[in-house]
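Take a look at the structure below.
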Amino acid sequence: MSANRRWLLVGLALAAAGLAFGSKLQLIRAYGSDVPYMDEWDAVGRALLIPRSLGALHASNFLMPQNEHRIVLSRVISYLLAVSNRQWDPLLEMTVGAAIHAGFCAALLLFARTLVSGFRFLGVALATTALFLLPFDWENTLQGIQSQFYLLEWGALGTLVLCVPSAPLSARWWSGILVGAASLGTMASGFIAGAAALAVLGVGAVLRRHVTARAAAGAVVLALLCLAGYLAVVHVPGHERLRAHSTWAWTVAAASALAWPAWEWPPLFLVMQLPIALVAARCARARSMGLGESVLIALAVWVWMQTAVIALGRANEGVFRSPRYMDLYAVGSFCNVVALALLWRSGSRTRALGLLAAGWVALFATGLWMRTRDVHSIYLGNYPRLKAIERRNVRAFLATGDAAILRAAGKDELPYPSRPELEMMLRAPGIVSMFPMGIRTPLHMAPRAGSAGFELQDPAGILSDSGARIWIARKGPARFVSQPLPQDILPFVHLEVAGSRGTDAAALRIETAAAGESMPPFALAGGLTHSADVAVPKGEAARLVVDVPAGDHWFAFAEPVELGRGSWATHWLLRRSGRIVAATAILFAAALVGVALADRSSRTAAA
């Protein structure tokens with residue numbers, strides 16, 4: 001491949017990743033909440049932040065089981081983000097998770113290019129990118145701790161790409177084993193990457209009718225890796241009710257998952273998995289597998305094994321249909337898209353293959369449309385309202401300390417199911433000091449001498465969602481100068497203002513004796529809220545200052561809330577998510593055209 005074509009390919013992969021990242025940011029901006037939710041309280045708050053505040057954090061805290069899993073890598077990421085940000089922010093975790101998953105999109109496209117080219121690759125690129133753009137996996141996108149699924153996928157791809165095409169016990173092969181060992185710290189099923197590599201190694205030995213000593217030794221190492229992962233799985237008695245209660249229940253759940261995205265009709269798994277099965281059968285007849293094909297087949301085997309395990313453990317109550325598992329099922333769709341492109345070679349197109357391709361694409365497109373429709377009709381329609389209620393209940397408890405607020409809330413109106421345990425964590429200093437902006441106690445503003453014209457106002461009707469005290473000047477001139485802000489304040493504060501029509505938001509600023517940072521200039525419009533994240537100048541003690549000019553107009557501001565540097569960057573990205581999608585979509589289209597023209601030119605030159 002020429003250097004120009006290589007750069008075009010890299011550009012296409014990066015553009016696809018950027019498009020996937022931007023689309024996830026748009027979903028986070030529309031529906032994301034910075035209030036920790038469900039497992040996050042246990043996995044990060046209870047396991048890491050509370051022990052950290054007590055000086056009792058050890059490596060064993062990262063190894064603690066989370067249900068059946070040991071999510072070591074996700075815990076490390078969440079902990080490093082919280083400590084470096086000086087604030088526990090699920091929105092920051094979601095953004096990093098979105099970047100991890102977007103990178104996986106680029107990796108899949110680069111891998112697919114090793115197997116197919118020309119217009120077949122363009123079809124693969126479009127289908128693969130669609131799998132990362134659509135929000136069928138919204139649960140993983142909108143929960144910070146769900147990076148475990150993305151890391152599981154990366155671990156599988158890395159293990160298989162490094163191990164499967166390599167000679168056992170070679171340096172590259174051992175690198176794959178290290179990746180496989182790291183995968184044990186993603187989820188309980190992390191060892192399945194090693195199992196898939198072992199399966200392909202065994203099939204290769206059967207096809208060659210020869211087993212070398214190195215292959216046998218490699219099989220032993222892979223088996224030990226799988227055994228270590230299996231022994232690390234934790235049994236959770238409360239989850240017995242979710243398991244498949246019969247062989248038939250397991251079969252139906254597995255067939256449905258393998259038929260994804262058209263899983264309303266379980267027998268369709270025979271169609272949806274047929275392309276990769278035909279590629280595997282072709283390799284079996286030839287008694288050989290190309291290096292790329294062997295990795296593709298191994299990745300499909302990994303998906304089948306994951307599906308079998310999910311169906312076994314989550315068949316009851318339809319839990320296997322949870323959006324969190326769809327990212328794994330989507331990898332199976334990728335394998336079959338590439339397999340279909342491999343089968344669709346020039347000179348080998350038959351009527352049967354054409355019918356298979358048409359039927360498969362129709363089912364794939366219809367299934368994706370149905371999954372995306374379900375997201376909005378079943379899940380996300382009521383999601384913002386529930387998140388707002390959760391935030392309001394937590395804020396009310398933090399403001400009053402009254403546990404009756406938590407007891408009175410419905411089970412869907414709190415971010416954690418156990419009210420006593422939620423109360424304990426909401427009172428824990430190690431968590432309270434790290435709270436995200438959405439539920440963090442605002443900075444208490446007290447006016448200095450020389451302030452005049454501002455008074456405290458009942459928040460009802462003005463900045464009512466801020467959860468903070470409101471200061472208002474009902475006419476100008478008015479001036480507010482606060483007491484010095486805390487010395488250990490985070491580097492940014494979130495500010496919310498409102499005012500009569502034409503009043504400038506820049507009347508409010510954070511300043512020291514030497515520097516100042518104002519709200520961005522913006523003409524206010526009555527009771528509408530304008531917000532911004534403003535840097536706190538370094539150096540001398542900072543103060544909040546508001547100067548309202550003379551006139552018959554009013555100006556109000558909510559007491560500021562601290563914001564970590566990473567949280568500020570997250571807000572900056574979320575506000576620009578639409579521009580990211582637009583720019584990367586243009587780059588993606590241009591790169592697709594460029595790759596197509598380069599491939600056409602290459603074929604013409606070869607002819």
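Labeling convention for the structure tokens: chains A, B, ... as they appear, residues from 1 per chain, ligands from 1 in order of appearance.
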
*Contacts of region 243-251 of chain A at 12 Å (only C-alpha atoms; same-chain gap of 3+ positions) as a ChimeraX atom specification*: /A:235-240,254-258,266-267,269,307-320

Write the residues you've just listed into a file as an mmCIF file, in the first residue's frame, and include C-alpha atoms for each of them.
```
data_model
loop_
_atom_site.group_PDB
_atom_site.id
_atom_site.type_symbol
_atom_site.label_atom_id
_atom_site.label_comp_id
_atom_site.auth_asym_id
_atom_site.auth_seq_id
_atom_site.Cartn_x
_atom_site.Cartn_y
_atom_site.Cartn_z
ATOM 1 C CA HIS A 235 -20.959 -16.008 42.522
ATOM 2 C CA VAL A 236 -23.809 -13.642 43.402
ATOM 3 C CA PRO A 237 -26.731 -15.541 45.005
ATOM 4 C CA GLY A 238 -29.216 -12.764 44.265
ATOM 5 C CA HIS A 239 -28.605 -13.154 40.541
ATOM 6 C CA GLU A 240 -29.745 -16.782 40.406
ATOM 7 C CA ALA A 254 -28.777 -17.181 22.733
ATOM 8 C CA ALA A 255 -30.541 -17.426 19.367
ATOM 9 C CA SER A 256 -32.201 -14.047 19.923
ATOM 10 C CA ALA A 257 -28.904 -12.404 20.802
ATOM 11 C CA LEU A 258 -27.191 -13.941 17.763
ATOM 12 C CA PRO A 266 -34.705 -15.760 17.035
ATOM 13 C CA PRO A 267 -34.462 -18.243 14.095
ATOM 14 C CA PHE A 269 -29.674 -16.039 13.780
ATOM 15 C CA THR A 307 -23.471 -14.494 23.827
ATOM 16 C CA ALA A 308 -23.642 -18.007 25.285
ATOM 17 C CA VAL A 309 -22.465 -16.727 28.684
ATOM 18 C CA ILE A 310 -24.864 -13.749 28.673
ATOM 19 C CA ALA A 311 -27.772 -16.017 27.714
ATOM 20 C CA LEU A 312 -26.853 -18.430 30.514
ATOM 21 C CA GLY A 313 -26.561 -15.763 33.192
ATOM 22 C CA ARG A 314 -29.225 -13.281 32.047
ATOM 23 C CA ALA A 315 -31.871 -15.188 30.058
ATOM 24 C CA ASN A 316 -34.619 -14.770 32.644
ATOM 25 C CA GLU A 317 -36.707 -11.585 32.634
ATOM 26 C CA GLY A 318 -35.200 -10.676 29.244
ATOM 27 C CA VAL A 319 -32.133 -9.098 30.841
ATOM 28 C CA PHE A 320 -29.966 -10.332 27.954
#
```

_Please identify the helix (DSSP H, G or I) residues within region 436-515 of chain A (assignment by DSSP from backbone atoms) and present them as a ChimeraX atom specification._
/A:437-439,505-507

*Selection: 12 Å around Phe397 (chain A), only C-alpha atoms, excl. self and same-chain fewer than 4 positions, as a count of residues only*: 25

*Pick out the closest residue to Arg29 (chain A) from this set: A:Leu574, A:Val493, A:Ala205, A:Ala219. Count only C-alpha atoms.*
A:Leu574

*Have a look at CA of Leu343 (chain A) and CA of Leu122 (chain A) and let me know their distance in Å, one decimal.*
15.1 Å

*With distances taken over only C-alpha atoms, which of A:Ala16, A:Ile580, A:Met437, A:Leu73 is nearest to Arg565 (chain A)?*
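So, comparing all the options, the nearest one is A:Met437.
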
_Which residues are near region 193-200 of chain A? Cut-off 8 Å, only C-alpha atoms, ignore same chain within fewer than 4 positions. Put them as a ChimeraX atom specification._
/A:155-156,159-160,163-164,177,180,183,204,219,222-223,225-226,294,297-299,301-302,305

Within 9 Å of region 330-335 of chain A using only C-alpha atoms, minus same-chain residues under 5 positions, as an mmCIF file with N, CA and C atoms, in the first residue's frame:
```
data_model
loop_
_atom_site.group_PDB
_atom_site.id
_atom_site.type_symbol
_atom_site.label_atom_id
_atom_site.label_comp_id
_atom_site.auth_asym_id
_atom_site.auth_seq_id
_atom_site.Cartn_x
_atom_site.Cartn_y
_atom_site.Cartn_z
ATOM 1 N N LEU A 108 -11.367 -1.202 14.410
ATOM 2 C CA LEU A 108 -12.081 -2.183 13.590
ATOM 3 C C LEU A 108 -11.958 -1.862 12.105
ATOM 4 N N VAL A 124 -18.279 -1.832 4.150
ATOM 5 C CA VAL A 124 -17.925 -2.230 5.518
ATOM 6 C C VAL A 124 -17.743 -0.998 6.396
ATOM 7 N N ALA A 127 -21.202 0.532 7.267
ATOM 8 C CA ALA A 127 -21.956 -0.286 8.217
ATOM 9 C C ALA A 127 -21.312 -0.256 9.598
ATOM 10 N N THR A 128 -19.989 -0.337 9.642
ATOM 11 C CA THR A 128 -19.301 -0.332 10.936
ATOM 12 C C THR A 128 -19.483 0.989 11.652
ATOM 13 N N LEU A 131 -22.765 1.385 13.376
ATOM 14 C CA LEU A 131 -22.870 0.664 14.647
ATOM 15 C C LEU A 131 -22.405 1.517 15.833
ATOM 16 N N PHE A 132 -21.590 2.526 15.560
ATOM 17 C CA PHE A 132 -21.076 3.383 16.622
ATOM 18 C C PHE A 132 -21.821 4.717 16.698
ATOM 19 N N GLU A 153 -13.985 -5.101 24.942
ATOM 20 C CA GLU A 153 -13.843 -5.221 23.489
ATOM 21 C C GLU A 153 -12.404 -4.980 23.051
ATOM 22 N N LEU A 258 -27.954 -13.747 19.001
ATOM 23 C CA LEU A 258 -27.191 -13.941 17.763
ATOM 24 C C LEU A 258 -27.935 -13.407 16.547
ATOM 25 N N TRP A 260 -29.375 -10.542 16.640
ATOM 26 C CA TRP A 260 -29.320 -9.079 16.765
ATOM 27 C C TRP A 260 -28.751 -8.472 15.473
ATOM 28 N N PRO A 261 -29.266 -7.340 15.010
ATOM 29 C CA PRO A 261 -30.251 -6.469 15.653
ATOM 30 C C PRO A 261 -31.704 -6.851 15.397
ATOM 31 N N MET A 272 -28.258 -14.169 10.158
ATOM 32 C CA MET A 272 -27.354 -13.109 10.605
ATOM 33 C C MET A 272 -25.946 -13.620 10.873
ATOM 34 N N GLN A 273 -25.804 -14.900 11.204
ATOM 35 C CA GLN A 273 -24.473 -15.464 11.453
ATOM 36 C C GLN A 273 -23.971 -16.317 10.284
ATOM 37 N N PRO A 275 -22.905 -15.433 7.118
ATOM 38 C CA PRO A 275 -21.690 -15.033 6.389
ATOM 39 C C PRO A 275 -20.399 -15.505 7.049
ATOM 40 N N ILE A 276 -20.249 -15.296 8.353
ATOM 41 C CA ILE A 276 -19.006 -15.713 9.009
ATOM 42 C C ILE A 276 -18.926 -17.231 9.070
ATOM 43 N N LEU A 296 -10.513 -12.759 12.212
ATOM 44 C CA LEU A 296 -11.942 -12.464 12.065
ATOM 45 C C LEU A 296 -12.783 -13.605 12.631
ATOM 46 N N ILE A 297 -12.424 -14.820 12.304
ATOM 47 C CA ILE A 297 -13.168 -15.976 12.817
ATOM 48 C C ILE A 297 -13.042 -16.054 14.340
ATOM 49 N N LEU A 299 -12.625 -13.577 16.363
ATOM 50 C CA LEU A 299 -13.450 -12.515 16.937
ATOM 51 C C LEU A 299 -14.921 -12.927 16.939
ATOM 52 N N ALA A 300 -15.349 -13.598 15.874
ATOM 53 C CA ALA A 300 -16.732 -14.091 15.833
ATOM 54 C C ALA A 300 -16.950 -15.162 16.898
ATOM 55 N N VAL A 301 -15.978 -16.038 17.071
ATOM 56 C CA VAL A 301 -16.085 -17.069 18.119
ATOM 57 C C VAL A 301 -16.174 -16.403 19.497
ATOM 58 N N TRP A 302 -15.408 -15.349 19.687
ATOM 59 C CA TRP A 302 -15.470 -14.602 20.954
ATOM 60 C C TRP A 302 -16.886 -14.068 21.195
ATOM 61 N N VAL A 303 -17.502 -13.518 20.139
ATOM 62 C CA VAL A 303 -18.872 -13.013 20.276
ATOM 63 C C VAL A 303 -19.826 -14.156 20.602
ATOM 64 N N TRP A 304 -19.673 -15.286 19.936
ATOM 65 C CA TRP A 304 -20.555 -16.426 20.212
ATOM 66 C C TRP A 304 -20.413 -16.886 21.661
ATOM 67 N N TYR A 325 -25.564 -4.770 26.692
ATOM 68 C CA TYR A 325 -24.945 -5.902 25.993
ATOM 69 C C TYR A 325 -24.878 -5.704 24.480
ATOM 70 N N LEU A 340 -19.283 -11.005 4.788
ATOM 71 C CA LEU A 340 -20.083 -10.846 3.578
ATOM 72 C C LEU A 340 -19.259 -10.186 2.481
ATOM 73 N N PHE A 364 -30.383 -6.363 8.650
ATOM 74 C CA PHE A 364 -29.471 -5.544 9.445
ATOM 75 C C PHE A 364 -30.005 -4.113 9.562
#
```

*Contact residues around region 529-541 of chain A with only C-alpha atoms at 6 Å, ignoring same-chain residues under 5 positions, as a list in words*: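 Counting only C-alpha atoms, the residues come to Pro484, Pro491, Phe492, Val493, His494, Leu495, Glu496, Val497, Ala498 and Thr512 of chain A.
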
*Best match for closeness to Trp88 (chain A) among A:Leu14, A:Ala106, A:Val432, A:Leu268, counting only C-alpha atoms*: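 Nearest to Trp88 (chain A): A:Val432.
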
Looking only at the backbone, which of the residues in region 462-588 of chain A does DSSP tag as strand (DSSP E or B), as an mmCIF file with N, CA and C atoms, in the first residue's frame?
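Final output, out-v3.cif:
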```
data_model
loop_
_atom_site.group_PDB
_atom_site.id
_atom_site.type_symbol
_atom_site.label_atom_id
_atom_site.label_comp_id
_atom_site.auth_asym_id
_atom_site.auth_seq_id
_atom_site.Cartn_x
_atom_site.Cartn_y
_atom_site.Cartn_z
ATOM 1 N N ILE A 470 -30.038 32.712 45.707
ATOM 2 C CA ILE A 470 -30.077 33.694 44.629
ATOM 3 C C ILE A 470 -29.919 35.098 45.214
ATOM 4 N N TRP A 471 -28.995 35.857 44.618
ATOM 5 C CA TRP A 471 -28.832 37.270 44.968
ATOM 6 C C TRP A 471 -29.389 38.109 43.823
ATOM 7 N N ILE A 472 -30.152 39.145 44.174
ATOM 8 C CA ILE A 472 -30.794 39.946 43.134
ATOM 9 C C ILE A 472 -30.685 41.433 43.453
ATOM 10 N N ALA A 473 -30.430 42.217 42.412
ATOM 11 C CA ALA A 473 -30.517 43.682 42.477
ATOM 12 C C ALA A 473 -31.721 44.075 41.644
ATOM 13 N N GLY A 476 -30.588 49.413 39.227
ATOM 14 C CA GLY A 476 -29.227 49.917 39.340
ATOM 15 C C GLY A 476 -29.213 51.374 39.787
ATOM 16 N N PRO A 477 -28.060 51.848 40.257
ATOM 17 C CA PRO A 477 -26.809 51.092 40.333
ATOM 18 C C PRO A 477 -26.794 50.147 41.549
ATOM 19 N N ALA A 478 -26.060 49.051 41.401
ATOM 20 C CA ALA A 478 -25.893 48.097 42.492
ATOM 21 C C ALA A 478 -24.514 47.458 42.351
ATOM 22 N N ARG A 479 -23.963 47.047 43.475
ATOM 23 C CA ARG A 479 -22.623 46.439 43.456
ATOM 24 C C ARG A 479 -22.585 45.325 44.501
ATOM 25 N N PHE A 480 -21.964 44.230 44.107
ATOM 26 C CA PHE A 480 -21.766 43.111 45.032
ATOM 27 C C PHE A 480 -20.300 42.704 44.974
ATOM 28 N N VAL A 481 -19.641 42.679 46.112
ATOM 29 C CA VAL A 481 -18.270 42.188 46.222
ATOM 30 C C VAL A 481 -18.260 41.150 47.329
ATOM 31 N N SER A 482 -17.917 39.927 46.991
ATOM 32 C CA SER A 482 -17.992 38.855 47.978
ATOM 33 C C SER A 482 -16.766 38.830 48.876
ATOM 34 N N PHE A 492 -12.267 26.258 38.269
ATOM 35 C CA PHE A 492 -13.369 26.909 37.552
ATOM 36 C C PHE A 492 -14.600 26.957 38.450
ATOM 37 N N VAL A 493 -15.485 27.893 38.156
ATOM 38 C CA VAL A 493 -16.791 27.931 38.815
ATOM 39 C C VAL A 493 -17.869 28.035 37.749
ATOM 40 N N HIS A 494 -18.979 27.392 38.043
ATOM 41 C CA HIS A 494 -20.133 27.471 37.150
ATOM 42 C C HIS A 494 -21.032 28.591 37.647
ATOM 43 N N LEU A 495 -21.360 29.531 36.768
ATOM 44 C CA LEU A 495 -22.145 30.703 37.123
ATOM 45 C C LEU A 495 -23.448 30.720 36.335
ATOM 46 N N GLU A 496 -24.515 31.156 37.004
ATOM 47 C CA GLU A 496 -25.807 31.313 36.344
ATOM 48 C C GLU A 496 -26.349 32.694 36.668
ATOM 49 N N VAL A 497 -26.794 33.396 35.641
ATOM 50 C CA VAL A 497 -27.310 34.761 35.829
ATOM 51 C C VAL A 497 -28.606 34.918 35.046
ATOM 52 N N ALA A 498 -29.359 35.898 35.453
ATOM 53 C CA ALA A 498 -30.557 36.309 34.728
ATOM 54 C C ALA A 498 -30.717 37.810 34.942
ATOM 55 N N GLY A 499 -31.456 38.448 34.086
ATOM 56 C CA GLY A 499 -31.649 39.888 34.232
ATOM 57 C C GLY A 499 -32.653 40.422 33.248
ATOM 58 N N ASP A 504 -26.270 43.054 30.519
ATOM 59 C CA ASP A 504 -25.145 42.246 30.041
ATOM 60 C C ASP A 504 -24.687 41.279 31.126
ATOM 61 N N LEU A 508 -21.005 40.358 35.788
ATOM 62 C CA LEU A 508 -20.465 39.492 36.847
ATOM 63 C C LEU A 508 -19.082 39.003 36.443
ATOM 64 N N ARG A 509 -18.156 39.021 37.390
ATOM 65 C CA ARG A 509 -16.794 38.549 37.117
ATOM 66 C C ARG A 509 -16.180 37.960 38.390
ATOM 67 N N ILE A 510 -15.150 37.141 38.175
ATOM 68 C CA ILE A 510 -14.321 36.622 39.259
ATOM 69 C C ILE A 510 -12.974 37.312 39.124
ATOM 70 N N GLU A 511 -12.512 37.997 40.190
ATOM 71 C CA GLU A 511 -11.297 38.778 40.033
ATOM 72 C C GLU A 511 -10.412 38.690 41.274
ATOM 73 N N GLY A 516 -8.757 39.259 36.290
ATOM 74 C CA GLY A 516 -10.179 38.990 36.406
ATOM 75 C C GLY A 516 -10.687 38.175 35.230
ATOM 76 N N GLU A 517 -11.763 37.412 35.451
ATOM 77 C CA GLU A 517 -12.411 36.631 34.405
ATOM 78 C C GLU A 517 -13.900 36.918 34.474
ATOM 79 N N SER A 518 -14.443 37.530 33.425
ATOM 80 C CA SER A 518 -15.855 37.899 33.414
ATOM 81 C C SER A 518 -16.692 36.820 32.742
ATOM 82 N N ALA A 523 -26.353 39.512 26.058
ATOM 83 C CA ALA A 523 -27.507 40.331 26.405
ATOM 84 C C ALA A 523 -28.595 39.439 26.984
ATOM 85 N N GLY A 526 -34.844 38.956 30.154
ATOM 86 C CA GLY A 526 -35.872 38.704 31.150
ATOM 87 C C GLY A 526 -35.507 37.574 32.084
ATOM 88 N N GLY A 527 -36.434 36.642 32.299
ATOM 89 C CA GLY A 527 -36.215 35.571 33.268
ATOM 90 C C GLY A 527 -35.412 34.397 32.741
ATOM 91 N N LEU A 528 -34.941 34.432 31.500
ATOM 92 C CA LEU A 528 -34.167 33.327 30.944
ATOM 93 C C LEU A 528 -32.782 33.269 31.580
ATOM 94 N N THR A 529 -32.334 32.063 31.864
ATOM 95 C CA THR A 529 -31.051 31.869 32.530
ATOM 96 C C THR A 529 -29.916 31.785 31.510
ATOM 97 N N HIS A 530 -28.814 32.437 31.834
ATOM 98 C CA HIS A 530 -27.597 32.306 31.038
ATOM 99 C C HIS A 530 -26.517 31.763 31.962
ATOM 100 N N SER A 531 -25.783 30.757 31.506
ATOM 101 C CA SER A 531 -24.771 30.140 32.358
ATOM 102 C C SER A 531 -23.436 30.075 31.631
ATOM 103 N N ALA A 532 -22.372 29.967 32.406
ATOM 104 C CA ALA A 532 -21.026 29.871 31.840
ATOM 105 C C ALA A 532 -20.098 29.303 32.908
ATOM 106 N N ASP A 533 -19.030 28.664 32.447
ATOM 107 C CA ASP A 533 -17.978 28.162 33.333
ATOM 108 C C ASP A 533 -16.807 29.131 33.239
ATOM 109 N N VAL A 534 -16.466 29.757 34.349
ATOM 110 C CA VAL A 534 -15.485 30.838 34.364
ATOM 111 C C VAL A 534 -14.279 30.412 35.194
ATOM 112 N N ALA A 535 -13.069 30.698 34.673
ATOM 113 C CA ALA A 535 -11.840 30.355 35.385
ATOM 114 C C ALA A 535 -11.672 31.242 36.615
ATOM 115 N N ARG A 543 -12.404 37.008 44.341
ATOM 116 C CA ARG A 543 -13.715 37.442 44.817
ATOM 117 C C ARG A 543 -14.677 37.470 43.648
ATOM 118 N N LEU A 544 -15.947 37.301 43.972
ATOM 119 C CA LEU A 544 -16.992 37.475 42.973
ATOM 120 C C LEU A 544 -17.463 38.926 43.032
ATOM 121 N N VAL A 545 -17.491 39.584 41.878
ATOM 122 C CA VAL A 545 -17.851 41.001 41.808
ATOM 123 C C VAL A 545 -18.944 41.185 40.755
ATOM 124 N N VAL A 546 -19.955 41.972 41.114
ATOM 125 C CA VAL A 546 -21.012 42.313 40.165
ATOM 126 C C VAL A 546 -21.217 43.821 40.202
ATOM 127 N N ASP A 547 -21.222 44.449 39.041
ATOM 128 C CA ASP A 547 -21.506 45.877 38.932
ATOM 129 C C ASP A 547 -22.682 46.067 37.986
ATOM 130 N N VAL A 548 -23.782 46.557 38.524
ATOM 131 C CA VAL A 548 -24.979 46.809 37.718
ATOM 132 C C VAL A 548 -25.094 48.319 37.516
ATOM 133 N N PRO A 549 -25.093 48.779 36.284
ATOM 134 C CA PRO A 549 -25.169 50.232 36.047
ATOM 135 C C PRO A 549 -26.526 50.794 36.445
ATOM 136 N N ALA A 550 -26.549 52.119 36.567
ATOM 137 C CA ALA A 550 -27.784 52.802 36.940
ATOM 138 C C ALA A 550 -28.868 52.556 35.900
ATOM 139 N N GLY A 551 -30.094 52.461 36.360
ATOM 140 C CA GLY A 551 -31.203 52.262 35.444
ATOM 141 C C GLY A 551 -32.292 51.416 36.078
ATOM 142 N N PHE A 555 -30.916 42.460 37.994
ATOM 143 C CA PHE A 555 -29.867 41.473 37.693
ATOM 144 C C PHE A 555 -29.818 40.493 38.862
ATOM 145 N N ALA A 556 -29.785 39.179 38.546
ATOM 146 C CA ALA A 556 -29.737 38.151 39.588
ATOM 147 C C ALA A 556 -28.679 37.128 39.240
ATOM 148 N N PHE A 557 -28.060 36.552 40.273
ATOM 149 C CA PHE A 557 -27.090 35.477 40.049
ATOM 150 C C PHE A 557 -27.236 34.417 41.140
ATOM 151 N N ALA A 558 -26.979 33.182 40.745
ATOM 152 C CA ALA A 558 -26.961 32.075 41.703
ATOM 153 C C ALA A 558 -25.558 31.957 42.278
ATOM 154 N N VAL A 561 -20.869 27.387 41.739
ATOM 155 C CA VAL A 561 -20.543 25.997 42.082
ATOM 156 C C VAL A 561 -19.183 25.670 41.461
ATOM 157 N N GLU A 562 -18.319 25.027 42.251
ATOM 158 C CA GLU A 562 -16.965 24.715 41.779
ATOM 159 C C GLU A 562 -16.975 23.654 40.680
ATOM 160 N N LEU A 563 -15.944 23.734 39.851
ATOM 161 C CA LEU A 563 -15.839 22.854 38.699
ATOM 162 C C LEU A 563 -14.373 22.500 38.479
#
```

*Distance CA of Leu592 (chain A)-CA of Ala130 (chain A), one decimal place?*
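For CA of Leu592 (chain A) relative to CA of Ala130 (chain A), the distance reads 14.1 Å.
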
*Using only C-alpha atoms, determine which residues lie at most 12 Å from region 351-354 of chain A, disregarding the query and same-chain residues fewer than 6 positions distant; provide the list as a PyMOL selection string.*
chain A and resi 271+274-275+278+339-345+360-361

*Separation of CA of Gln143 (chain A) from CA of Leu92 (chain A), in Å and rounded to one decimal*: 10.3 Å

*Best match for closeness to Gln146 (chain A) among A:Thr186, A:Ser53, A:Ser117, A:Gln26, counting only C-alpha atoms*: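 Closest to Gln146 (chain A) of all the choices is A:Thr186.
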
*Rank nothing, just name the residue among A:Leu456, A:Leu81, A:Ile378, A:Ala596 nearest to Trp138 (chain A), using only C-alpha atoms.*
A:Ile378

*Compare A:Pro384, A:Ser170, A:Ser84, A:Ser60 by their minimum atom-to-atom distance to Arg214 (chain A), counting only C-alpha atoms, and give me the closest one.*
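Once distances to Arg214 (chain A) are computed over only C-alpha atoms, the minimum belongs to A:Ser170.
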